[in-house]
>>> print(open('coords24.txt').read())   # compact mmCIF, C-alpha atoms (C1' of nucleotides)
# COMPACT_ATOMS: atom_id res chain seq x y z
CA MET A 717 128.57 91.01 79.24
CA THR A 718 128.67 87.29 78.48
CA THR A 719 125.73 84.90 78.09
CA GLY A 720 126.57 83.49 81.50
CA ASP A 721 125.95 86.86 83.14
CA ARG A 722 122.60 87.35 81.52
CA GLN A 723 121.50 83.90 82.57
CA THR A 724 122.59 84.48 86.14
CA GLU A 725 120.87 87.84 86.32
CA GLU A 726 117.73 86.31 84.88
CA LYS A 727 117.80 83.43 87.34
CA ILE A 728 118.07 85.87 90.21
CA PHE A 729 115.27 87.96 88.81
CA GLU A 730 112.92 85.01 88.49
CA ALA A 731 113.75 83.64 91.91
CA ALA A 732 113.24 87.10 93.39
CA THR A 733 109.89 87.46 91.63
CA ASP A 734 108.68 84.23 93.22
CA GLU A 735 109.99 85.09 96.67
CA PHE A 736 108.61 88.65 96.64
CA GLU A 737 105.23 87.56 95.28
CA GLU A 738 104.89 85.03 98.06
CA ASN A 739 106.23 87.07 100.95
CA GLY A 740 106.21 90.74 100.01
CA LEU A 741 109.18 93.08 100.32
CA THR A 742 109.53 92.87 104.09
CA GLY A 743 108.78 89.15 104.32
CA ALA A 744 111.16 88.07 101.55
CA ARG A 745 114.67 86.89 102.45
CA MET A 746 117.76 87.36 100.35
CA GLN A 747 118.91 83.92 101.46
CA ASN A 748 115.68 82.36 100.14
CA ILE A 749 116.12 84.09 96.80
CA ALA A 750 119.68 82.78 96.58
CA ASP A 751 118.47 79.27 97.42
CA ARG A 752 115.69 79.41 94.82
CA ALA A 753 118.19 80.60 92.22
CA GLY A 754 120.70 77.93 93.23
CA MET A 755 123.50 80.27 94.18
CA ASN A 756 124.80 82.30 97.13
CA LYS A 757 123.63 85.58 98.59
CA ALA A 758 126.71 87.55 97.60
CA LEU A 759 125.83 87.21 93.93
CA LEU A 760 122.49 88.91 94.42
CA HIS A 761 124.29 91.97 95.73
CA TYR A 762 126.83 91.78 92.92
CA TYR A 763 124.03 92.05 90.35
CA PHE A 764 121.44 94.21 92.10
CA ARG A 765 123.35 95.88 94.98
CA THR A 766 120.55 95.98 97.56
CA LYS A 767 117.36 94.15 98.40
CA ASP A 768 115.37 97.28 97.73
CA LEU A 769 116.83 97.76 94.25
CA LEU A 770 116.12 94.13 93.44
CA PHE A 771 112.56 94.56 94.61
CA GLU A 772 112.20 97.77 92.62
CA ALA A 773 113.29 95.93 89.49
CA VAL A 774 110.80 93.11 90.07
CA PHE A 775 107.93 95.37 91.00
CA THR A 776 108.46 97.70 88.06
CA LYS A 777 108.46 94.76 85.67
CA VAL A 778 105.27 93.12 86.93
CA ALA A 779 103.39 96.38 87.46
CA ARG A 780 104.19 97.42 83.86
CA GLN A 781 103.14 93.98 82.66
CA MET A 782 99.84 94.30 84.50
CA MET A 783 99.19 97.81 83.16
CA SER A 784 100.07 96.85 79.60
CA LYS A 785 97.30 94.25 79.67
CA PHE A 786 94.70 97.02 79.69
CA LYS A 787 96.00 98.70 76.57
CA PRO A 788 94.59 96.45 73.81
CA ALA A 789 91.09 96.65 75.25
CA LEU A 790 91.31 100.43 75.55
CA GLU A 791 92.86 101.26 72.22
CA GLY A 792 91.75 98.44 69.93
CA ASN A 793 89.43 98.94 67.00
CA MET A 794 86.34 97.21 68.40
CA THR A 795 82.89 98.14 69.63
CA ILE A 796 82.45 98.60 73.38
CA GLU A 797 80.72 95.27 73.68
CA GLU A 798 83.53 93.53 71.84
CA LYS A 799 86.10 95.27 74.00
CA ILE A 800 84.36 94.17 77.18
CA ARG A 801 84.27 90.55 76.04
CA PHE A 802 87.84 90.78 74.82
CA PHE A 803 89.05 92.28 78.07
CA PHE A 804 87.56 89.64 80.36
CA ARG A 805 88.73 86.80 78.13
CA GLU A 806 92.28 88.07 77.80
CA HIS A 807 92.77 89.56 81.24
CA ILE A 808 91.41 86.65 83.22
CA SER A 809 93.50 84.28 81.07
CA PHE A 810 96.55 86.38 81.91
CA LEU A 811 95.72 86.20 85.60
CA GLN A 812 95.23 82.45 85.39
CA ASP A 813 98.89 82.31 84.37
CA ASN A 814 99.92 84.88 87.00
CA PRO A 815 97.50 84.33 89.86
CA ARG A 816 99.67 85.99 92.52
CA LEU A 817 100.08 89.33 90.72
CA PRO A 818 96.93 91.02 92.05
CA GLY A 819 97.71 90.26 95.68
CA PHE A 820 101.33 91.22 95.23
CA ILE A 821 100.58 94.58 93.64
CA ILE A 822 97.75 95.43 96.04
CA ASN A 823 99.99 94.62 98.96
CA GLU A 824 102.80 96.85 97.77
CA ILE A 825 100.64 99.83 96.78
CA ASN A 826 99.13 99.80 100.25
CA HIS A 827 102.51 99.81 101.96
CA ASN A 828 104.27 102.13 99.56
CA PRO A 829 101.95 104.06 97.23
CA ALA A 830 104.87 106.08 95.85
CA ARG A 831 106.27 103.05 94.05
CA ILE A 832 103.26 102.60 91.77
CA LYS A 833 102.79 106.32 91.29
CA LYS A 834 106.17 106.58 89.63
CA ILE A 835 105.11 103.93 87.13
CA ILE A 836 101.72 105.44 86.39
CA ARG A 837 103.30 108.81 85.73
CA ASN A 838 104.93 107.31 82.66
CA ILE A 839 101.51 106.65 81.15
CA ASP A 840 99.56 109.45 79.55
CA ILE A 841 96.25 108.79 81.27
CA LYS A 842 94.63 111.90 79.87
CA GLU A 843 95.38 110.77 76.34
CA VAL A 844 93.97 107.27 76.94
CA TRP A 845 90.91 108.80 78.54
CA LYS A 846 90.33 111.19 75.67
CA ASN A 847 90.69 108.37 73.15
CA VAL A 848 88.03 106.27 74.80
CA LEU A 849 85.62 109.20 74.93
CA ASP A 850 86.22 110.23 71.32
CA GLN A 851 86.33 106.81 69.77
CA HIS A 852 83.08 105.60 71.35
CA LYS A 853 81.15 108.84 71.45
CA ASP A 854 77.98 107.47 69.86
CA GLU A 855 78.00 104.16 71.68
CA LEU A 856 78.53 105.80 75.07
CA HIS A 857 75.61 108.07 74.39
CA ARG A 858 73.43 105.17 73.36
CA TYR A 859 74.31 103.29 76.57
CA ASN A 860 73.74 106.37 78.73
CA ILE A 861 77.37 106.35 79.84
CA THR A 862 78.54 109.87 80.62
CA GLU A 863 82.09 111.11 81.11
CA GLU A 864 81.22 111.45 84.79
CA SER A 865 80.15 107.83 85.18
CA LEU A 866 82.99 106.35 83.15
CA PRO A 867 85.31 105.99 86.19
CA GLN A 868 82.59 103.94 87.89
CA LEU A 869 82.21 101.66 84.89
CA MET A 870 85.95 101.24 84.37
CA THR A 871 86.67 100.34 88.00
CA THR A 872 83.66 98.03 87.96
CA ILE A 873 85.05 96.10 85.03
CA VAL A 874 88.52 95.80 86.53
CA SER A 875 87.10 94.76 89.91
CA LEU A 876 85.26 91.85 88.39
CA SER A 877 88.42 90.49 86.80
CA VAL A 878 91.04 91.19 89.46
CA PHE A 879 89.30 90.84 92.82
CA PRO A 880 88.70 87.06 92.76
CA PHE A 881 92.45 86.52 92.40
CA ALA A 882 93.34 89.01 95.11
CA ALA A 883 90.86 87.46 97.54
CA ARG A 884 91.45 83.91 96.38
CA GLY A 885 92.34 82.64 99.85
CA ILE A 886 88.98 83.59 101.30
CA ILE A 887 86.91 82.74 98.25
CA GLU A 888 88.47 79.31 97.87
CA GLU A 889 87.81 78.47 101.51
CA ILE A 890 84.19 79.60 101.36
CA PHE A 891 83.60 77.78 98.09
CA SER A 892 85.01 74.54 99.47
CA ASN A 893 82.11 74.48 101.92
CA VAL A 894 79.52 74.46 99.16
CA GLY A 895 81.39 72.30 96.67
CA VAL A 896 82.52 74.95 94.21
CA ASP A 897 85.91 74.62 92.51
CA PHE A 898 87.90 77.84 92.22
CA ASN A 899 89.46 77.05 88.85
CA SER A 900 86.12 76.22 87.24
CA TYR A 901 84.67 79.36 88.78
CA ILE A 902 87.44 81.42 87.19
CA GLU A 903 87.03 79.77 83.82
CA GLU A 904 83.28 80.52 83.88
CA ARG A 905 83.97 84.06 84.96
CA LYS A 906 85.33 85.17 81.58
CA GLN A 907 81.86 84.71 80.14
CA TYR A 908 79.81 85.58 83.23
CA ALA A 909 81.47 88.92 83.93
CA ALA A 910 81.23 90.03 80.30
CA ASP A 911 77.55 89.09 80.12
CA PHE A 912 76.89 90.74 83.46
CA VAL A 913 78.38 94.08 82.45
CA ILE A 914 76.85 94.12 78.99
CA ARG A 915 73.38 93.29 80.33
CA SER A 916 73.68 96.16 82.77
CA ILE A 917 74.79 98.84 80.34
CA THR A 918 72.31 97.79 77.64
CA LYS A 919 69.30 97.71 79.95
CA LYS A 920 66.71 100.29 79.06
CA GLU A 921 65.41 102.21 82.06
CA GLU A 922 61.76 101.57 82.80
CA SER A 923 59.69 104.71 83.08
CA MET B 1469 92.45 93.16 136.49
CA THR B 1470 92.17 96.88 137.13
CA THR B 1471 90.85 99.58 134.82
CA GLY B 1472 94.44 100.65 134.17
CA ASP B 1473 95.28 97.27 132.74
CA ARG B 1474 92.37 97.23 130.39
CA GLN B 1475 93.23 100.68 129.13
CA THR B 1476 96.85 99.72 128.54
CA GLU B 1477 95.91 96.56 126.72
CA GLU B 1478 93.46 98.50 124.61
CA LYS B 1479 96.02 101.17 123.78
CA ILE B 1480 98.43 98.49 122.64
CA PHE B 1481 95.75 96.81 120.60
CA GLU B 1482 94.81 100.00 118.79
CA ALA B 1483 98.39 101.01 118.14
CA ALA B 1484 99.10 97.51 116.85
CA THR B 1485 96.07 97.64 114.57
CA ASP B 1486 97.34 100.83 112.99
CA GLU B 1487 100.90 99.60 112.62
CA PHE B 1488 99.89 96.21 111.18
CA GLU B 1489 97.36 97.73 108.81
CA GLU B 1490 100.00 100.07 107.44
CA ASN B 1491 102.93 97.70 107.27
CA GLY B 1492 101.69 94.13 107.46
CA LEU B 1493 102.95 91.49 109.86
CA THR B 1494 106.52 91.39 108.56
CA GLY B 1495 106.81 95.14 108.01
CA ALA B 1496 105.45 96.16 111.39
CA ARG B 1497 107.90 96.92 114.21
CA MET B 1498 107.26 96.30 117.88
CA GLN B 1499 109.15 99.51 118.64
CA ASN B 1500 106.75 101.47 116.40
CA ILE B 1501 103.76 99.96 118.13
CA ALA B 1502 105.21 100.91 121.51
CA ASP B 1503 105.84 104.45 120.27
CA ARG B 1504 102.31 104.79 118.89
CA ALA B 1505 100.90 103.55 122.18
CA GLY B 1506 103.17 105.86 124.17
CA MET B 1507 104.96 103.16 126.15
CA ASN B 1508 107.93 100.81 125.91
CA LYS B 1509 108.40 97.54 124.02
CA ALA B 1510 108.58 95.37 127.12
CA LEU B 1511 104.95 96.10 127.92
CA LEU B 1512 103.77 94.72 124.61
CA HIS B 1513 105.37 91.42 125.49
CA TYR B 1514 103.93 91.53 128.98
CA TYR B 1515 100.41 91.74 127.56
CA PHE B 1516 100.65 89.72 124.34
CA ARG B 1517 103.87 87.70 124.75
CA THR B 1518 104.98 87.68 121.10
CA LYS B 1519 104.59 89.75 117.97
CA ASP B 1520 102.79 86.89 116.28
CA LEU B 1521 100.22 86.53 119.07
CA LEU B 1522 99.59 90.26 119.02
CA PHE B 1523 99.09 90.09 115.26
CA GLU B 1524 96.79 87.09 115.61
CA ALA B 1525 94.63 89.04 118.05
CA VAL B 1526 94.41 92.05 115.74
CA PHE B 1527 93.78 90.01 112.61
CA THR B 1528 91.09 87.87 114.20
CA LYS B 1529 89.26 90.96 115.41
CA VAL B 1530 89.23 92.81 112.10
CA ALA B 1531 88.56 89.72 109.97
CA ARG B 1532 85.56 88.86 112.15
CA GLN B 1533 84.40 92.47 111.96
CA MET B 1534 84.63 92.37 108.16
CA MET B 1535 82.78 89.05 107.93
CA SER B 1536 80.05 90.15 110.28
CA LYS B 1537 79.23 93.01 107.93
CA PHE B 1538 77.87 90.55 105.39
CA LYS B 1539 75.41 88.95 107.77
CA PRO B 1540 72.58 91.52 107.84
CA ALA B 1541 72.39 91.59 104.05
CA LEU B 1542 72.34 87.81 103.86
CA GLU B 1543 69.88 87.06 106.62
CA GLY B 1544 67.64 90.11 106.77
CA ASN B 1545 63.98 90.06 105.90
CA MET B 1546 64.15 92.00 102.63
CA THR B 1547 63.73 91.37 98.93
CA ILE B 1548 66.87 90.71 96.92
CA GLU B 1549 66.78 94.20 95.44
CA GLU B 1550 66.48 95.73 98.88
CA LYS B 1551 69.32 93.58 100.16
CA ILE B 1552 71.59 94.64 97.32
CA ARG B 1553 70.90 98.32 97.96
CA PHE B 1554 71.25 97.79 101.69
CA PHE B 1555 74.55 95.96 101.29
CA PHE B 1556 76.27 98.58 99.16
CA ARG B 1557 75.05 101.40 101.35
CA GLU B 1558 76.11 99.80 104.62
CA HIS B 1559 79.25 98.03 103.48
CA ILE B 1560 80.78 100.94 101.62
CA SER B 1561 79.98 103.19 104.59
CA PHE B 1562 81.77 100.73 106.83
CA LEU B 1563 84.79 100.74 104.51
CA GLN B 1564 84.79 104.53 104.42
CA ASP B 1565 85.42 104.34 108.15
CA ASN B 1566 87.94 101.51 107.78
CA PRO B 1567 89.57 102.12 104.42
CA ARG B 1568 92.69 100.06 105.12
CA LEU B 1569 90.90 96.82 106.04
CA PRO B 1570 90.59 95.39 102.52
CA GLY B 1571 94.28 95.81 101.73
CA PHE B 1572 95.28 94.50 105.12
CA ILE B 1573 93.17 91.36 104.89
CA ILE B 1574 94.06 90.65 101.27
CA ASN B 1575 97.72 91.01 102.11
CA GLU B 1576 97.57 88.59 104.99
CA ILE B 1577 95.46 85.93 103.26
CA ASN B 1578 97.97 85.87 100.43
CA HIS B 1579 100.93 85.37 102.76
CA ASN B 1580 99.23 83.08 105.22
CA PRO B 1581 95.95 81.56 104.00
CA ALA B 1582 95.70 79.35 107.09
CA ARG B 1583 95.00 82.34 109.31
CA ILE B 1584 91.72 83.27 107.59
CA LYS B 1585 90.70 79.66 107.12
CA LYS B 1586 90.58 79.16 110.87
CA ILE B 1587 88.17 82.08 111.15
CA ILE B 1588 85.93 80.99 108.30
CA ARG B 1589 85.64 77.51 109.79
CA ASN B 1590 83.71 79.05 112.65
CA ILE B 1591 80.98 80.17 110.26
CA ASP B 1592 78.42 77.72 108.98
CA ILE B 1593 78.68 78.61 105.30
CA LYS B 1594 76.39 75.77 104.24
CA GLU B 1595 73.64 77.07 106.49
CA VAL B 1596 73.98 80.65 105.20
CA TRP B 1597 73.96 79.35 101.65
CA LYS B 1598 70.88 77.24 102.18
CA ASN B 1599 69.06 80.16 103.78
CA VAL B 1600 69.67 82.41 100.81
CA LEU B 1601 68.46 79.76 98.38
CA ASP B 1602 65.34 78.92 100.39
CA GLN B 1603 64.36 82.42 101.38
CA HIS B 1604 64.55 83.86 97.87
CA LYS B 1605 63.50 80.83 95.86
CA ASP B 1606 60.88 82.64 93.77
CA GLU B 1607 62.90 85.80 93.23
CA LEU B 1608 65.98 83.88 92.17
CA HIS B 1609 63.91 81.98 89.66
CA ARG B 1610 62.37 85.17 88.33
CA TYR B 1611 65.85 86.72 87.88
CA ASN B 1612 67.23 83.57 86.23
CA ILE B 1613 69.75 83.13 89.04
CA THR B 1614 70.56 79.46 89.54
CA GLU B 1615 72.34 77.81 92.44
CA GLU B 1616 75.29 77.33 90.06
CA SER B 1617 75.56 81.00 89.17
CA LEU B 1618 75.09 82.31 92.69
CA PRO B 1619 78.83 82.21 93.51
CA GLN B 1620 79.46 84.40 90.49
CA LEU B 1621 76.83 86.90 91.57
CA MET B 1622 77.98 86.97 95.20
CA THR B 1623 81.64 87.54 94.37
CA THR B 1624 80.60 90.14 91.83
CA ILE B 1625 78.75 92.12 94.46
CA VAL B 1626 81.57 91.94 96.98
CA SER B 1627 84.15 92.88 94.33
CA LEU B 1628 82.32 96.08 93.50
CA SER B 1629 82.36 97.19 97.12
CA VAL B 1630 85.77 96.03 98.30
CA PHE B 1631 88.10 96.34 95.33
CA PRO B 1632 88.21 100.14 95.08
CA PHE B 1633 89.52 100.31 98.64
CA ALA B 1634 92.07 97.56 98.12
CA ALA B 1635 93.38 99.20 94.96
CA ARG B 1636 92.96 102.74 96.23
CA GLY B 1637 96.62 103.66 95.66
CA ILE B 1638 96.41 103.00 91.93
CA ILE B 1639 92.90 104.27 91.43
CA GLU B 1640 93.56 107.53 93.23
CA GLU B 1641 96.66 108.19 91.15
CA ILE B 1642 94.89 107.46 87.86
CA PHE B 1643 91.88 109.56 88.84
CA SER B 1644 94.06 112.51 89.77
CA ASN B 1645 95.08 112.72 86.11
CA VAL B 1646 91.52 113.21 84.95
CA GLY B 1647 90.28 115.31 87.84
CA VAL B 1648 88.24 112.74 89.72
CA ASP B 1649 88.17 112.83 93.53
CA PHE B 1650 88.39 109.43 95.23
CA ASN B 1651 86.09 110.27 98.12
CA SER B 1652 83.33 111.57 95.86
CA TYR B 1653 83.76 108.51 93.67
CA ILE B 1654 83.27 106.26 96.70
CA GLU B 1655 80.22 108.18 97.87
CA GLU B 1656 78.64 107.84 94.43
CA ARG B 1657 79.52 104.17 94.33
CA LYS B 1658 76.92 103.17 96.92
CA GLN B 1659 74.22 104.09 94.43
CA TYR B 1660 76.06 103.25 91.22
CA ALA B 1661 77.02 99.70 92.20
CA ALA B 1662 73.53 98.88 93.44
CA ASP B 1663 71.93 100.21 90.27
CA PHE B 1664 74.49 98.42 88.15
CA VAL B 1665 73.84 95.02 89.69
CA ILE B 1666 70.08 95.39 89.77
CA ARG B 1667 69.93 96.48 86.13
CA SER B 1668 71.95 93.45 85.17
CA ILE B 1669 69.92 90.84 87.03
CA THR B 1670 66.56 92.31 86.01
CA LYS B 1671 67.42 92.58 82.31
CA LYS B 1672 65.25 90.36 80.17
CA GLU B 1673 67.21 88.38 77.57
CA GLU B 1674 66.40 89.36 74.02
CA SER B 1675 65.43 86.40 71.86
C1' DG C 591 131.96 86.16 87.88
C1' DT C 592 131.36 83.23 91.89
C1' DC C 593 132.35 81.58 96.36
C1' DT C 594 133.18 81.51 101.82
C1' DA C 595 133.42 83.98 105.81
C1' DT C 596 132.11 87.66 108.51
C1' DA C 597 131.03 92.33 109.69
C1' DG C 598 127.45 95.20 111.44
C1' DA C 599 122.81 96.62 112.12
C1' DA C 600 118.05 95.70 113.31
C1' DG C 601 114.61 93.75 115.75
C1' DG C 602 112.18 90.43 118.91
C1' DA C 603 112.38 88.97 123.40
C1' DT C 604 113.73 88.77 128.39
C1' DA C 605 115.96 89.95 133.07
C1' DG C 606 115.63 92.53 136.80
C1' DA C 607 114.89 96.99 139.25
C1' DC C 608 111.17 99.83 140.94
C1' DG D 407 102.14 96.94 136.06
C1' DT D 408 105.84 99.59 134.01
C1' DC D 409 110.48 100.84 133.04
C1' DT D 410 115.70 100.46 131.47
C1' DA D 411 119.19 97.75 129.93
C1' DT D 412 120.65 94.02 127.36
C1' DC D 413 120.74 89.54 125.23
C1' DC D 414 120.62 86.93 121.05
C1' DT D 415 118.99 85.74 116.73
C1' DT D 416 118.18 87.09 112.13
C1' DC D 417 119.26 89.40 108.13
C1' DT D 418 121.43 92.65 104.87
C1' DA D 419 125.62 93.76 103.09
C1' DT D 420 130.64 93.54 102.21
C1' DA D 421 135.60 91.85 102.22
C1' DG D 422 138.59 89.04 100.15
C1' DA D 423 140.08 84.53 98.12
C1' DC D 424 139.80 81.98 93.82
>>> encode(input="coords24.txt", output="structure tokens")
Amino acid sequence: MTTGDRQTEEKIFEAATDEFEENGLTGARMQNIADRAGMNKALLHYYFRTKDLLFEAVFTKVARQMMSKFKPALEGNMTIEEKIRFFFREHISFLQDNPRLPGFIINEINHNPARIKKIIRNIDIKEVWKNVLDQHKDELHRYNITEESLPQLMTTIVSLSVFPFAARGIIEEIFSNVGVDFNSYIEERKQYAADFVIRSITKKEES
Amino acid sequence: MTTGDRQTEEKIFEAATDEFEENGLTGARMQNIADRAGMNKALLHYYFRTKDLLFEAVFTKVARQMMSKFKPALEGNMTIEEKIRFFFREHISFLQDNPRLPGFIINEINHNPARIKKIIRNIDIKEVWKNVLDQHKDELHRYNITEESLPQLMTTIVSLSVFPFAARGIIEEIFSNVGVDFNSYIEERKQYAADFVIRSITKKEES
DNA sequence: GTCTATAGAAGGATAGAC
DNA sequence: GTCTATCCTTCTATAGAC
């Protein structure tokens, strides 16, 4: 395979990523992808055979990318507080560079849950889970976080980072009415969300 | 217009809601809607003229329904703490009955932001905003919530309720690996999310 | 490997009978 | 108001030249 091939394949892949992110699988058009890539439709089929296979390639890539962003915060050698701050800083920065990913992935998992399941099966969730519990045993106990409540905390943290991007269209419109800028809001959020979560888990219950 | 008409129109509307929620505007098929409603395609056009107008009708209805669910918690005569508990209880219950709404709305606003903007323009956001600030002046001050940080708090609260439903496909798959049931998780969440938020805003800063 | 031209299927929309 | 039959556009996919 020559350098020319690789470049062509890459161009198609990038054009397809844009088109699929904007329009979803069913809304995307092979003709649009060809136009974006500056070539003709026939070449897309030469390299990827069908629309569905091209989509599969794109979706697998971005879903893996998204998943991989959770790893450092789960496995790193930091305290829970540090991990929470690290996660919001890094993950929101990643989403600032890829603001359409959340909507794209949410859309697809709702229309075809099987596609994401295949990808998740390649991750050893049990192992990751066990690691978190073992590594932070003392801290979790100190914060009153039990194994049973960990799913609630985890989804809470992810919600705070991902949801604003997924719902951007609504949020931006509502904010515009009260003079709030979405980008500034997102930039502030790295700090706000981390503080918010840490305050909550460190709060001592009143008797 | 006879009773028969109304029933037919309603049947179409419900079938269309299901089909659009599952497949989105571009993925939905008029033939499928006709099948679900137990009639033929031509009738859909007789009542709603085009696919896009039918979609518009469905989307407007469910988006308004979703929006209206925020009103009682924003305008009611309760303390902030009571409103937070009330919101999570009522809103998550509503989503338990309509679990596909978040994904459906997020999908559409990402592909066609204009559609939701038209609906939001009919709400006087400034007025709602002003009401919250006026009505809870003392409480907000006591909790250290400023007008500037209110957007962060509001989106935080909504995230915690809506996101799990939007990302259900992923969450369910991950949970299945560690033996967590999605429905129980959601039921618990009404309490967990409320406690989580209230702990965070009532925490006194250490000096 | 890349292009033009076109096949062939799918899907939205309408005509016209009842 | 409801149905069957069909039109016509759109879109994926392929054939075949270069």
>>> atom_distance(input="coords24.txt", atom1="CA of Glu735 (chain A)", atom2="CA of Pro1570 (chain B)")
22.7 Å
>>> residues_around(input="coords24.txt", residues="region 600-608 of chain C", least_positions_apart="2", cutoff="12 Å", atoms="all atoms listed in the file", output="ChimeraX atom specification")
/B:1494-1500,1509-1514,1516-1520 /C:598 /D:407-418
>>> atom_distance(input="coords24.txt", atom1="CA of Glu1641 (chain B)", atom2="CA of Arg837 (chain A)")
8.6 Å
>>> residues_around(input="coords24.txt", residues="Ile886 (chain A)", least_positions_apart="6", cutoff="9 Å", atoms="only C-alpha atoms (C1' of nucleotides)", output="PDB file with C-alpha atoms, keeping the file's coordinate frame")
ATOM      1  CA  ILE B1574      94.060  90.650 101.270  1.00  0.00           C
ATOM      2  CA  ILE B1577      95.460  85.930 103.260  1.00  0.00           C
ATOM      3  CA  PRO B1581      95.950  81.560 104.000  1.00  0.00           C
ATOM      4  CA  ILE B1584      91.720  83.270 107.590  1.00  0.00           C
ATOM      5  CA  LYS B1585      90.700  79.660 107.120  1.00  0.00           C
ATOM      6  CA  ILE B1588      85.930  80.990 108.300  1.00  0.00           C
TER       7      ILE B1588
END
>>> interface_residues(input="coords24.txt", of="chain C", to="chain A", cutoff="8 Å", atoms="all atoms listed in the file", output="mmCIF file with C-alpha atoms (C1' of nucleotides), in the frame of the given file")
data_model
loop_
_atom_site.group_PDB
_atom_site.id
_atom_site.type_symbol
_atom_site.label_atom_id
_atom_site.label_comp_id
_atom_site.auth_asym_id
_atom_site.auth_seq_id
_atom_site.Cartn_x
_atom_site.Cartn_y
_atom_site.Cartn_z
ATOM 1 C "C1'" DG C 591 131.960 86.160 87.880
ATOM 2 C "C1'" DT C 592 131.360 83.230 91.890
ATOM 3 C "C1'" DC C 593 132.350 81.580 96.360
#
>>> build_atoms(input="coords24.txt", residues="region 1568-1583 of chain B", atoms="N, CA and C atoms", output="PDB file, in the coordinates of the input")
ATOM      1  N   ARG B1568      91.497 100.899 105.291  1.00  0.00           N
ATOM      2  CA  ARG B1568      92.690 100.060 105.120  1.00  0.00           C
ATOM      3  C   ARG B1568      92.389  98.573 105.294  1.00  0.00           C
ATOM      4  N   LEU B1569      91.209  98.228 105.782  1.00  0.00           N
ATOM      5  CA  LEU B1569      90.900  96.820 106.040  1.00  0.00           C
ATOM      6  C   LEU B1569      91.049  95.920 104.811  1.00  0.00           C
ATOM      7  N   PRO B1570      90.489  96.300 103.663  1.00  0.00           N
ATOM      8  CA  PRO B1570      90.590  95.390 102.520  1.00  0.00           C
ATOM      9  C   PRO B1570      92.042  95.055 102.164  1.00  0.00           C
ATOM     10  N   GLY B1571      92.882  96.065 102.058  1.00  0.00           N
ATOM     11  CA  GLY B1571      94.280  95.810 101.730  1.00  0.00           C
ATOM     12  C   GLY B1571      94.959  94.954 102.781  1.00  0.00           C
ATOM     13  N   PHE B1572      94.679  95.254 104.016  1.00  0.00           N
ATOM     14  CA  PHE B1572      95.280  94.500 105.120  1.00  0.00           C
ATOM     15  C   PHE B1572      94.911  93.017 105.067  1.00  0.00           C
ATOM     16  N   ILE B1573      93.628  92.748 104.896  1.00  0.00           N
ATOM     17  CA  ILE B1573      93.170  91.360 104.890  1.00  0.00           C
ATOM     18  C   ILE B1573      93.661  90.624 103.641  1.00  0.00           C
ATOM     19  N   ILE B1574      93.586  91.281 102.499  1.00  0.00           N
ATOM     20  CA  ILE B1574      94.060  90.650 101.270  1.00  0.00           C
ATOM     21  C   ILE B1574      95.544  90.323 101.381  1.00  0.00           C
ATOM     22  N   ASN B1575      96.297  91.241 101.908  1.00  0.00           N
ATOM     23  CA  ASN B1575      97.720  91.010 102.110  1.00  0.00           C
ATOM     24  C   ASN B1575      97.954  89.753 102.943  1.00  0.00           C
ATOM     25  N   GLU B1576      97.317  89.697 104.076  1.00  0.00           N
ATOM     26  CA  GLU B1576      97.570  88.590 104.990  1.00  0.00           C
ATOM     27  C   GLU B1576      97.096  87.247 104.437  1.00  0.00           C
ATOM     28  N   ILE B1577      95.925  87.225 103.785  1.00  0.00           N
ATOM     29  CA  ILE B1577      95.460  85.930 103.260  1.00  0.00           C
ATOM     30  C   ILE B1577      96.363  85.419 102.157  1.00  0.00           C
ATOM     31  N   ASN B1578      97.061  86.327 101.476  1.00  0.00           N
ATOM     32  CA  ASN B1578      97.970  85.870 100.430  1.00  0.00           C
ATOM     33  C   ASN B1578      99.277  85.336 101.001  1.00  0.00           C
ATOM     34  N   HIS B1579      99.679  85.837 102.151  1.00  0.00           N
ATOM     35  CA  HIS B1579     100.930  85.370 102.760  1.00  0.00           C
ATOM     36  C   HIS B1579     100.702  84.209 103.709  1.00  0.00           C
ATOM     37  N   ASN B1580      99.509  84.142 104.264  1.00  0.00           N
ATOM     38  CA  ASN B1580      99.230  83.080 105.220  1.00  0.00           C
ATOM     39  C   ASN B1580      97.751  82.691 105.200  1.00  0.00           C
ATOM     40  N   PRO B1581      97.364  81.935 104.191  1.00  0.00           N
ATOM     41  CA  PRO B1581      95.950  81.560 104.000  1.00  0.00           C
ATOM     42  C   PRO B1581      95.370  80.844 105.218  1.00  0.00           C
ATOM     43  N   ALA B1582      96.205  80.133 105.958  1.00  0.00           N
ATOM     44  CA  ALA B1582      95.700  79.350 107.090  1.00  0.00           C
ATOM     45  C   ALA B1582      95.009  80.239 108.119  1.00  0.00           C
ATOM     46  N   ARG B1583      95.511  81.455 108.272  1.00  0.00           N
ATOM     47  CA  ARG B1583      95.000  82.340 109.310  1.00  0.00           C
ATOM     48  C   ARG B1583      93.512  82.638 109.091  1.00  0.00           C
TER      49      ARG B1583
END
